[in-house]
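As structure tokens, the structure follows; a few thoughts come after it.
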Amino acid sequence: MSDIIQLLPDHVANQIAAGEVVQRPASVVKELLENAIDAGATNIKLIIKEAGKILIQVIDNGKGMSQTDARLSFERHATSKIKKAEDLFNLHTKGFRGEALASIAAIAHVDLKTKQEESDLGTLIKIEGSKLVSHDRISTSTGTSVAVKNLFYNIPARRNFLKSNTIETRHIVNEFQRVALAHASISFSFYHNENEVYNLTSSNLRQRIVAILGKKTNEKLVPINEITDVVEINGFVTKPEFAKKKRGEQFFFVNDRFIKNAYLNHAVTSAFESLLSGGYHPTYFLYLTVPTKSIDINIHPTKTEIKFEDEKTLYAILRSTIKHSLGQYNVAPVLDFER
Ligand code: ADP
Ligand code: MG
């Protein structure tokens, strides 16, 4: 008899975790933007080069990290956001898995620059494929900058399977929009190959939606507001006559986190009933606030799917709230020939 099981070295475990967390450049964008938000940033800048294949950098004015934390942040399961299992059901941060930076650093070249308000000097750490390359004290402003270069440089199979710049950029824009829509009060800017893509100043939700989707959106929005014991619903749906054939402008946020949920999407669509003709989808921006203990976010590494304690009740409340709001706006059914 011989023993054959061994524990994988950390850099291998990190690379495996990266397979789940980092599918494409857009996944890195999401993780870095969320870290900036968790750090309390009020101003966040995203810079990419070549659809994120060459560079993805996020610069924030958040609380920064101490020298020791800067080094620790790249360890697997290293997080400042939860301490015990129960905390998973009382989450007020985007992150909690402590896996993103470790995963990203396993498959890219990463430069981290960070400084806390109370420190004179900040820290600059360079990591390549989980290996620490350098660690210096530098002068820099308060906050954090994470630059991720040459993503998948050590996994040719993944690098070669990246899609065209147009498609990868589309995914990045989608992630950026979701985060920017979830946090209207935060200022965001976004540059691609030195061109400004977005420059969003702190605003209310309506202004943020208009800044992202265009001025014409303003007149299309029907406000949705409802408070019950189990959920608070805020946001907008667009009037039925502006429904589109293509999907993609359906946004659900639960406790300020973008999620996908076909069941709740059905609740919204069905609230429009005869106001929509076949194959048309309403655009919506719906923000559900629920008690943290009534949801489980830890069912998927990218956290875009979550489990609700009572989805049926949410469905019913959502549907009737939207029906009621559409009714109040007195939208008459649109006939097919009017399109
Ligand atoms: P998680 O976000 O799940 O905690 P990450 O790997 O994304 O895991 O980050 C690890 C830790 O590094 C965070 O818990 C946080 O303490 C710190 N960190 C990461 N990014 C930033 C940032 N932009 N500003 C301040 N601290 C950060
Ligand atoms: Mg994180």
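Ordering of the structure tokens sets the chain letters (A, B, ...), residue numbers begin anew at 1 in every chain, and ligands are numbered from 1 in the order given.
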
*asked:* List as a PyMOL selection string the protein and nucleic acid residues lying within 8 Å of ligand 2, with only C-alpha atoms and all ligand atoms counted.
replied: chain A and resi 31-32+34-35+38+94-101

*Got a sec: who's within 9 Å of segment 307-311 of chain A, counting only C-alpha atoms, leaving out chain neighbours fewer than 4 positions off, as an MDAnalysis selection string?*
chainID A and resid 263:264 293:299 315:316

Within 10 Å of ligand 1, which residues of chain A come that close, and what is the closest atom pair and distance in Å for each? Count only C-alpha atoms and all ligand atoms and give it as a Markdown table.
```
| residue | atom | partner | partner_atom_place_in_ligand_line | distance |
| --- | --- | --- | --- | --- |
| A:Val28 | CA | ligand 1 | 7 (O) | 9.8 |
| A:Lys30 | CA | ligand 1 | 7 (O) | 10.0 |
| A:Glu31 | CA | ligand 1 | 7 (O) | 6.2 |
| A:Leu32 | CA | ligand 1 | 23 (N) | 6.7 |
| A:Leu33 | CA | ligand 1 | 23 (N) | 7.7 |
| A:Glu34 | CA | ligand 1 | 2 (O) | 7.3 |
| A:Asn35 | CA | ligand 1 | 20 (N) | 4.5 |
| A:Ala36 | CA | ligand 1 | 23 (N) | 4.0 |
| A:Ile37 | CA | ligand 1 | 23 (N) | 7.5 |
| A:Asp38 | CA | ligand 1 | 24 (N) | 7.2 |
| A:Ala39 | CA | ligand 1 | 24 (N) | 4.7 |
| A:Gly40 | CA | ligand 1 | 24 (N) | 8.0 |
| A:Ala41 | CA | ligand 1 | 24 (N) | 8.1 |
| A:Ile44 | CA | ligand 1 | 23 (N) | 9.6 |
| A:Val58 | CA | ligand 1 | 23 (N) | 7.9 |
| A:Ile59 | CA | ligand 1 | 23 (N) | 7.6 |
| A:Asp60 | CA | ligand 1 | 23 (N) | 6.4 |
| A:Asn61 | CA | ligand 1 | 24 (N) | 8.3 |
| A:Gly62 | CA | ligand 1 | 24 (N) | 5.9 |
| A:Lys63 | CA | ligand 1 | 25 (C) | 5.8 |
| A:Gly64 | CA | ligand 1 | 25 (C) | 4.3 |
| A:Met65 | CA | ligand 1 | 26 (N) | 5.3 |
| A:Ser66 | CA | ligand 1 | 26 (N) | 8.9 |
| A:Asp69 | CA | ligand 1 | 12 (O) | 7.0 |
| A:Ala70 | CA | ligand 1 | 12 (O) | 6.9 |
| A:Arg71 | CA | ligand 1 | 12 (O) | 8.9 |
| A:Leu72 | CA | ligand 1 | 12 (O) | 7.4 |
| A:Ser73 | CA | ligand 1 | 12 (O) | 4.1 |
| A:Phe74 | CA | ligand 1 | 6 (O) | 6.3 |
| A:Glu75 | CA | ligand 1 | 6 (O) | 7.7 |
| A:Arg76 | CA | ligand 1 | 6 (O) | 7.4 |
| A:His77 | CA | ligand 1 | 8 (O) | 7.3 |
| A:Ala78 | CA | ligand 1 | 10 (C) | 5.7 |
| A:Thr79 | CA | ligand 1 | 14 (O) | 3.5 |
| A:Ser80 | CA | ligand 1 | 14 (O) | 4.0 |
| A:Lys81 | CA | ligand 1 | 14 (O) | 5.3 |
| A:Ile82 | CA | ligand 1 | 4 (O) | 7.7 |
| A:Thr93 | CA | ligand 1 | 2 (O) | 8.0 |
| A:Lys94 | CA | ligand 1 | 2 (O) | 6.8 |
| A:Gly95 | CA | ligand 1 | 3 (O) | 3.7 |
| A:Phe96 | CA | ligand 1 | 3 (O) | 3.6 |
| A:Arg97 | CA | ligand 1 | 3 (O) | 3.9 |
| A:Gly98 | CA | ligand 1 | 8 (O) | 3.2 |
| A:Glu99 | CA | ligand 1 | 6 (O) | 4.4 |
| A:Ala100 | CA | ligand 1 | 6 (O) | 3.8 |
| A:Leu101 | CA | ligand 1 | 6 (O) | 3.8 |
| A:Ala102 | CA | ligand 1 | 6 (O) | 5.8 |
| A:Ser103 | CA | ligand 1 | 6 (O) | 7.6 |
| A:Ile104 | CA | ligand 1 | 6 (O) | 8.5 |
| A:Ala105 | CA | ligand 1 | 6 (O) | 9.5 |
| A:Leu112 | CA | ligand 1 | 20 (N) | 9.0 |
| A:Lys113 | CA | ligand 1 | 23 (N) | 9.4 |
| A:Thr114 | CA | ligand 1 | 24 (N) | 7.4 |
| A:Lys115 | CA | ligand 1 | 25 (C) | 8.8 |
| A:Gln116 | CA | ligand 1 | 25 (C) | 8.8 |
| A:Thr142 | CA | ligand 1 | 24 (N) | 9.9 |
| A:Gly143 | CA | ligand 1 | 24 (N) | 6.4 |
| A:Thr144 | CA | ligand 1 | 23 (N) | 5.0 |
| A:Ser145 | CA | ligand 1 | 23 (N) | 6.7 |
| A:Val146 | CA | ligand 1 | 23 (N) | 7.2 |
```

*Can you list, as an MDAnalysis selection string, all residues belonging to segment 15-187 of chain A that DSSP tags as helix (DSSP H, G or I)?*
chainID A and resid 15:21 25:38 50:52 67:72 85:89 100:106 156:160 165:182

Closest contacts (segment 252-284 of chain A/segment 239-243 of chain A, max 10 Å, only C-alpha atoms) as CSV:
```
residue,atom,partner,partner_atom,distance
A:Phe272,CA,A:Pro240,CA,7.3
A:Glu273,CA,A:Pro240,CA,9.9
A:Ser274,CA,A:Pro240,CA,9.7
A:Leu275,CA,A:Pro240,CA,6.0
A:Leu276,CA,A:Pro240,CA,6.1
A:Ser277,CA,A:Ala243,CA,9.1
A:Gly279,CA,A:Ala243,CA,9.5
A:Tyr280,CA,A:Ala243,CA,5.7
A:His281,CA,A:Ala243,CA,5.2
A:Pro282,CA,A:Ala243,CA,4.4
A:Thr283,CA,A:Ala243,CA,6.3
A:Tyr284,CA,A:Lys239,CA,9.5
```
